[in-house]
Amino acid sequence: MIEFIGTDLDGTLLNSYSRISSKNVQAIRNAVNSGIEFAICSGRTLHSVNKYFENDLKVPGYRVVLNGAVVVDPQGKKVIDQPLDHAVVAEMLKRSEFSKFKVVLDGLNDVHIYDPNHSWTTYFEGMSRHHIKARSMGDLQKMNDKADFNVYKVCFSCQPNRLKELQKKLESFTSLPVTISRSGSYYFEINRQDVTKLSALQKISGDTGIPMQHFMCFGDYGNDLDMVKEAGYGVAMDNAIDSVKDAAWKITGTNNQDGVATMINQILEDSSKL
């Protein structure tokens, strides 16, 4: 019995053009109309995720954003709010000050981007008024020093030829109270310790009384692995990395083949297939 559906965005619900297909939209609406609770579970900011609810899906649902550091329920109430400690962010910035990696500080709605190669986009979308250029690592430090700005996630990325160098730098952060996940070939995200998409869904499970065995979760990359593995019905996209596929209950089509809709329609049409 599936009572809750949670899906990642990039590489999962979204196609390669960062759009939700009409088939995916309709399948989610059908699921919600049948009484199933729904959540978008993303590393993106609240502003970015809200756009897809308001402009595309137009259904009630949970916003599990910033890899689970913030959760907003369908009524708009914030039920999780777990920013990084300012001192921990300061230490990471200090240790990487001269490394010349791309660094992004994610607030609730705004992101601050420092890139020595002057590419100011984030991994998931281009520039907007919510993407603010930092001229130096010092600018990021100043943002972190502001008492009224919470940093929920720190992102590091690099050119392919510097991957091993970046991984070595990230290893030096493992002694800090943080969770490090991988959301792309050369893109890593750092949250507060024990903050994951899974931990957020477990909180929702406790609040709603819906057991995790009745959750269906879709994902494709490293920051989706735990929720796909621990949900009763974990679904990997066909474009997912091998570790997510290995942990999944089922594998569906790719994000460009309406894989989310395919699986949702299957469970709605014939529950006996479970």
# chains A, B, ... in the order shown; residues from 1 in each chain; ligands from 1
$ select_by_dssp --residues "segment 103-241 of chain A" --states "alpha helix (DSSP H)" --output "NGL selection string"
:A and (137-145 or 163-171 or 197-208 or 225-230)
$ write_last_selection --atoms "C-alpha atoms" --output "mmCIF file, in the first residue's frame"
data_model
loop_
_atom_site.group_PDB
_atom_site.id
_atom_site.type_symbol
_atom_site.label_atom_id
_atom_site.label_comp_id
_atom_site.auth_asym_id
_atom_site.auth_seq_id
_atom_site.Cartn_x
_atom_site.Cartn_y
_atom_site.Cartn_z
ATOM 1 C CA MET A 137 35.810 33.891 -0.801
ATOM 2 C CA GLY A 138 35.908 36.857 1.562
ATOM 3 C CA ASP A 139 32.465 37.884 0.310
ATOM 4 C CA LEU A 140 31.160 34.445 1.235
ATOM 5 C CA GLN A 141 32.728 34.782 4.675
ATOM 6 C CA LYS A 142 30.963 38.127 5.134
ATOM 7 C CA MET A 143 27.611 36.572 4.205
ATOM 8 C CA ASN A 144 28.194 33.767 6.676
ATOM 9 C CA ASP A 145 29.042 36.327 9.362
ATOM 10 C CA LEU A 163 38.094 16.001 -9.098
ATOM 11 C CA LYS A 164 40.662 14.089 -7.025
ATOM 12 C CA GLU A 165 41.929 17.353 -5.581
ATOM 13 C CA LEU A 166 38.425 18.372 -4.562
ATOM 14 C CA GLN A 167 37.690 14.956 -3.060
ATOM 15 C CA LYS A 168 40.837 15.202 -0.969
ATOM 16 C CA LYS A 169 39.759 18.617 0.287
ATOM 17 C CA LEU A 170 36.324 17.289 1.198
ATOM 18 C CA GLU A 171 37.926 14.431 3.133
ATOM 19 C CA LYS A 197 16.390 13.674 2.454
ATOM 20 C CA LEU A 198 15.768 10.423 4.314
ATOM 21 C CA SER A 199 15.936 12.059 7.758
ATOM 22 C CA ALA A 200 13.363 14.617 6.574
ATOM 23 C CA LEU A 201 11.042 11.905 5.272
ATOM 24 C CA GLN A 202 11.401 9.999 8.552
ATOM 25 C CA LYS A 203 10.246 13.132 10.371
ATOM 26 C CA ILE A 204 7.248 13.383 8.026
ATOM 27 C CA SER A 205 6.545 9.690 8.600
ATOM 28 C CA GLY A 206 6.476 10.264 12.354
ATOM 29 C CA ASP A 207 4.258 13.340 12.077
ATOM 30 C CA THR A 208 1.734 11.771 9.690
ATOM 31 C CA LEU A 225 20.497 6.919 -2.204
ATOM 32 C CA ASP A 226 19.333 6.610 1.402
ATOM 33 C CA MET A 227 15.709 7.520 0.724
ATOM 34 C CA VAL A 228 15.522 5.118 -2.225
ATOM 35 C CA LYS A 229 17.107 2.388 -0.112
ATOM 36 C CA GLU A 230 14.966 2.863 2.997
#
$ residues_around --residues "Ala87 of chain A" --least-positions-apart "3" --cutoff "12 Å" --atoms "only C-alpha atoms" --output "ChimeraX atom specification"
/A:83-84,90-94,141,144-147,150-151,176-178,192
$ closest_residue --among "A:Val111, A:Cys158, A:Val260, A:Val235" --to "Cys217 of chain A" --atoms "only C-alpha atoms"
A:Val235
$ atom_distance --atom1 "atom CA of Ala69 of chain A" --atom2 "atom CA of Lys51 of chain A"
18.6 Å
$ residues_around --residues "Ser16 of chain A" --least-positions-apart "6" --cutoff "9 Å" --atoms "only C-alpha atoms" --output "ChimeraX atom specification"
/A:10,255-256
$ residues_around --residues "Phe53 of chain A" --least-positions-apart "4" --cutoff "12 Å" --atoms "only C-alpha atoms" --output "JSON, numbers by chain"
{"A": [9, 20, 25, 28, 29, 38, 39, 40, 46, 47, 48, 49, 57, 58, 59, 60, 61, 62, 63, 74]}
$ write_last_selection --atoms "all heavy atoms" --output "short mmCIF file (atom, residue, chain, number, x, y, z; two decimals), in the first residue's frame"
data_model
loop_
_atom_site.label_atom_id
_atom_site.label_comp_id
_atom_site.auth_asym_id
_atom_site.auth_seq_id
_atom_site.Cartn_x
_atom_site.Cartn_y
_atom_site.Cartn_z
N LEU A 9 14.08 16.08 -7.95
CA LEU A 9 13.80 16.91 -9.13
C LEU A 9 14.77 16.63 -10.27
O LEU A 9 14.44 15.99 -11.26
CB LEU A 9 13.84 18.40 -8.76
CG LEU A 9 12.56 19.04 -8.24
CD1 LEU A 9 12.81 20.52 -7.94
CD2 LEU A 9 11.41 18.91 -9.23
N ILE A 20 8.99 19.80 -16.05
CA ILE A 20 8.18 18.65 -15.69
C ILE A 20 7.26 18.37 -16.87
O ILE A 20 6.47 19.24 -17.27
CB ILE A 20 7.35 18.90 -14.42
CG1 ILE A 20 8.23 19.34 -13.25
CG2 ILE A 20 6.58 17.63 -14.03
CD1 ILE A 20 7.47 19.67 -11.98
N VAL A 25 3.19 15.57 -14.72
CA VAL A 25 2.25 16.44 -14.01
C VAL A 25 0.93 15.71 -13.78
O VAL A 25 0.39 15.68 -12.66
CB VAL A 25 2.01 17.75 -14.79
CG1 VAL A 25 0.81 18.51 -14.20
CG2 VAL A 25 3.25 18.64 -14.74
N ILE A 28 1.08 12.82 -11.19
CA ILE A 28 1.16 13.31 -9.81
C ILE A 28 -0.20 13.84 -9.36
O ILE A 28 -0.65 13.58 -8.24
CB ILE A 28 2.25 14.38 -9.69
CG1 ILE A 28 3.63 13.72 -9.80
CG2 ILE A 28 2.13 15.15 -8.36
CD1 ILE A 28 4.77 14.69 -9.99
N ARG A 29 -0.88 14.57 -10.23
CA ARG A 29 -2.22 15.05 -9.87
C ARG A 29 -3.17 13.88 -9.61
O ARG A 29 -3.97 13.91 -8.66
CB ARG A 29 -2.77 15.93 -11.00
CG ARG A 29 -2.08 17.28 -11.11
CD ARG A 29 -2.62 18.09 -12.28
NE ARG A 29 -1.93 19.36 -12.41
CZ ARG A 29 -2.11 20.20 -13.43
NH1 ARG A 29 -2.94 19.89 -14.42
NH2 ARG A 29 -1.44 21.34 -13.48
N PHE A 38 2.16 13.81 -1.21
CA PHE A 38 3.22 14.02 -2.20
C PHE A 38 4.27 14.99 -1.68
O PHE A 38 3.97 15.92 -0.93
CB PHE A 38 2.62 14.58 -3.50
CG PHE A 38 3.64 14.93 -4.55
CD1 PHE A 38 4.33 13.94 -5.23
CD2 PHE A 38 3.95 16.26 -4.82
CE1 PHE A 38 5.29 14.26 -6.18
CE2 PHE A 38 4.90 16.59 -5.76
CZ PHE A 38 5.57 15.59 -6.44
N ALA A 39 5.52 14.75 -2.09
CA ALA A 39 6.62 15.66 -1.73
C ALA A 39 7.62 15.75 -2.87
O ALA A 39 7.90 14.77 -3.55
CB ALA A 39 7.34 15.15 -0.48
N ILE A 40 8.13 16.95 -3.07
CA ILE A 40 9.36 17.12 -3.86
C ILE A 40 10.50 17.12 -2.87
O ILE A 40 10.49 17.84 -1.87
CB ILE A 40 9.34 18.42 -4.67
CG1 ILE A 40 8.39 18.29 -5.87
CG2 ILE A 40 10.75 18.78 -5.16
CD1 ILE A 40 8.29 19.55 -6.71
N LEU A 46 14.06 26.66 -1.35
CA LEU A 46 12.60 26.69 -1.24
C LEU A 46 11.99 27.47 -2.40
O LEU A 46 10.99 27.03 -2.98
CB LEU A 46 12.18 27.30 0.10
CG LEU A 46 10.68 27.37 0.36
CD1 LEU A 46 10.05 25.98 0.36
CD2 LEU A 46 10.41 28.08 1.69
N HIS A 47 12.56 28.60 -2.74
CA HIS A 47 12.04 29.41 -3.85
C HIS A 47 12.00 28.60 -5.14
O HIS A 47 11.01 28.61 -5.87
CB HIS A 47 12.91 30.65 -4.06
CG HIS A 47 12.67 31.33 -5.37
ND1 HIS A 47 11.56 32.12 -5.61
CD2 HIS A 47 13.38 31.31 -6.53
CE1 HIS A 47 11.61 32.56 -6.86
NE2 HIS A 47 12.70 32.09 -7.43
N SER A 48 13.07 27.87 -5.42
CA SER A 48 13.15 27.10 -6.66
C SER A 48 12.12 25.99 -6.70
O SER A 48 11.47 25.75 -7.73
CB SER A 48 14.56 26.53 -6.83
OG SER A 48 14.67 25.85 -8.06
N VAL A 49 11.92 25.29 -5.59
CA VAL A 49 10.96 24.20 -5.54
C VAL A 49 9.52 24.73 -5.58
O VAL A 49 8.65 24.15 -6.24
CB VAL A 49 11.19 23.32 -4.30
CG1 VAL A 49 10.04 22.35 -4.06
CG2 VAL A 49 12.51 22.56 -4.44
N LEU A 57 2.70 21.87 -11.11
CA LEU A 57 1.94 20.79 -10.48
C LEU A 57 0.58 21.24 -9.98
O LEU A 57 -0.43 20.55 -10.17
CB LEU A 57 2.75 20.18 -9.34
CG LEU A 57 4.06 19.52 -9.75
CD1 LEU A 57 4.87 19.14 -8.52
CD2 LEU A 57 3.80 18.29 -10.61
N LYS A 58 0.56 22.37 -9.28
CA LYS A 58 -0.68 22.94 -8.74
C LYS A 58 -1.44 21.93 -7.88
O LYS A 58 -2.65 21.75 -8.00
CB LYS A 58 -1.55 23.47 -9.89
CG LYS A 58 -0.86 24.60 -10.66
CD LYS A 58 -1.70 25.14 -11.80
CE LYS A 58 -0.93 26.25 -12.51
NZ LYS A 58 -1.66 26.79 -13.67
N VAL A 59 -0.68 21.24 -7.02
CA VAL A 59 -1.24 20.32 -6.04
C VAL A 59 -0.63 20.65 -4.68
O VAL A 59 0.45 21.24 -4.61
CB VAL A 59 -0.93 18.85 -6.39
CG1 VAL A 59 -1.59 18.45 -7.70
CG2 VAL A 59 0.57 18.58 -6.40
N PRO A 60 -1.30 20.27 -3.59
CA PRO A 60 -0.67 20.42 -2.27
C PRO A 60 0.45 19.40 -2.12
O PRO A 60 0.42 18.33 -2.72
CB PRO A 60 -1.82 20.15 -1.30
CG PRO A 60 -2.76 19.28 -2.07
CD PRO A 60 -2.67 19.72 -3.50
N GLY A 61 1.44 19.75 -1.31
CA GLY A 61 2.52 18.80 -1.09
C GLY A 61 3.59 19.35 -0.17
O GLY A 61 3.62 20.55 0.13
N TYR A 62 4.45 18.45 0.27
CA TYR A 62 5.58 18.82 1.12
C TYR A 62 6.73 19.33 0.26
O TYR A 62 7.00 18.80 -0.83
CB TYR A 62 6.07 17.62 1.91
CG TYR A 62 5.18 17.21 3.05
CD1 TYR A 62 4.09 16.37 2.83
CD2 TYR A 62 5.42 17.64 4.35
CE1 TYR A 62 3.27 15.97 3.87
CE2 TYR A 62 4.60 17.25 5.40
CZ TYR A 62 3.53 16.41 5.15
OH TYR A 62 2.72 16.03 6.19
N ARG A 63 7.41 20.36 0.77
CA ARG A 63 8.65 20.84 0.16
C ARG A 63 9.80 20.35 1.04
O ARG A 63 10.01 20.91 2.13
CB ARG A 63 8.69 22.36 0.09
CG ARG A 63 7.87 22.98 -1.03
CD ARG A 63 6.39 23.07 -0.71
NE ARG A 63 5.74 24.06 -1.58
CZ ARG A 63 4.48 24.04 -1.93
NH1 ARG A 63 3.67 23.07 -1.49
NH2 ARG A 63 3.97 24.98 -2.71
N PRO A 74 2.25 20.86 3.56
CA PRO A 74 1.30 21.35 2.54
C PRO A 74 0.53 22.60 2.95
O PRO A 74 0.01 23.32 2.09
CB PRO A 74 0.35 20.16 2.35
CG PRO A 74 1.16 18.96 2.71
CD PRO A 74 2.02 19.42 3.85
#
$ select_by_dssp --residues "segment 46-264 of chain A" --states "strand (DSSP E or B)" --output "PyMOL selection string"
chain A and resi 62-65+70-72+78-81+102-106+111-114+131-133+153-157+178-184+187-192+215-219+233-236+250-251
$ atom_distance --atom1 "atom CA of Asn239 of chain A" --atom2 "atom CA of Leu66 of chain A"
22.1 Å
$ residues_around --residues "Val154 of chain A" --least-positions-apart "4" --cutoff "8 Å" --atoms "only C-alpha atoms" --output "list in words"
Val89, Val103, Val104, Leu105, Asp106, Glu189, Ile190 and Asn191 of chain A
$ write_last_selection --atoms "N, CA and C atoms" --output "PDB file, in the first residue's frame"
ATOM      1  N   VAL A  89      30.647  26.555   8.908  1.00  0.00           N
ATOM      2  CA  VAL A  89      30.764  27.123   7.560  1.00  0.00           C
ATOM      3  C   VAL A  89      32.044  27.934   7.444  1.00  0.00           C
ATOM      4  N   VAL A 103      32.372  27.653  -5.150  1.00  0.00           N
ATOM      5  CA  VAL A 103      31.722  27.463  -3.857  1.00  0.00           C
ATOM      6  C   VAL A 103      30.396  28.218  -3.852  1.00  0.00           C
ATOM      7  N   VAL A 104      29.358  27.544  -3.388  1.00  0.00           N
ATOM      8  CA  VAL A 104      28.027  28.149  -3.328  1.00  0.00           C
ATOM      9  C   VAL A 104      27.483  28.001  -1.914  1.00  0.00           C
ATOM     10  N   LEU A 105      27.027  29.110  -1.344  1.00  0.00           N
ATOM     11  CA  LEU A 105      26.329  29.088  -0.062  1.00  0.00           C
ATOM     12  C   LEU A 105      24.835  29.175  -0.335  1.00  0.00           C
ATOM     13  N   ASP A 106      24.087  28.186   0.133  1.00  0.00           N
ATOM     14  CA  ASP A 106      22.640  28.171  -0.075  1.00  0.00           C
ATOM     15  C   ASP A 106      21.922  28.655   1.169  1.00  0.00           C
ATOM     16  N   GLU A 189      27.651  18.406  -2.042  1.00  0.00           N
ATOM     17  CA  GLU A 189      26.839  19.252  -1.187  1.00  0.00           C
ATOM     18  C   GLU A 189      27.069  18.895   0.281  1.00  0.00           C
ATOM     19  N   ILE A 190      27.167  19.913   1.106  1.00  0.00           N
ATOM     20  CA  ILE A 190      27.465  19.709   2.523  1.00  0.00           C
ATOM     21  C   ILE A 190      26.367  20.325   3.376  1.00  0.00           C
ATOM     22  N   ASN A 191      25.748  19.495   4.192  1.00  0.00           N
ATOM     23  CA  ASN A 191      24.691  19.920   5.106  1.00  0.00           C
ATOM     24  C   ASN A 191      25.119  19.674   6.541  1.00  0.00           C
TER      25      ASN A 191
END
$ closest_residue --among "A:Glu37, A:Asp270, A:Asp8, A:Asp238" --to "Phe215 of chain A" --atoms "only C-alpha atoms"
A:Glu37
$ atom_distance --atom1 "atom CA of Asp194 of chain A" --atom2 "atom CA of Gln159 of chain A"
28.3 Å
$ closest_residue --among "A:Ala231, A:Ala27, A:Leu14, A:Ile241" --to "Thr262 of chain A" --atoms "only C-alpha atoms"
A:Ala27
$ closest_residue --among "A:Asp242, A:Thr45, A:Phe101, A:Glu3" --to "Asn33 of chain A" --atoms "only C-alpha atoms"
A:Glu3
$ residues_around --residues "segment 220-224 of chain A" --least-positions-apart "5" --cutoff "7 Å" --atoms "only C-alpha atoms" --output "PyMOL selection string"
chain A and resi 11-12+181-183+236-237+239-241+244
$ closest_residue --among "A:Ile210, A:Met263, A:Leu108, A:Leu13" --to "Ile36 of chain A" --atoms "only C-alpha atoms"
A:Ile210
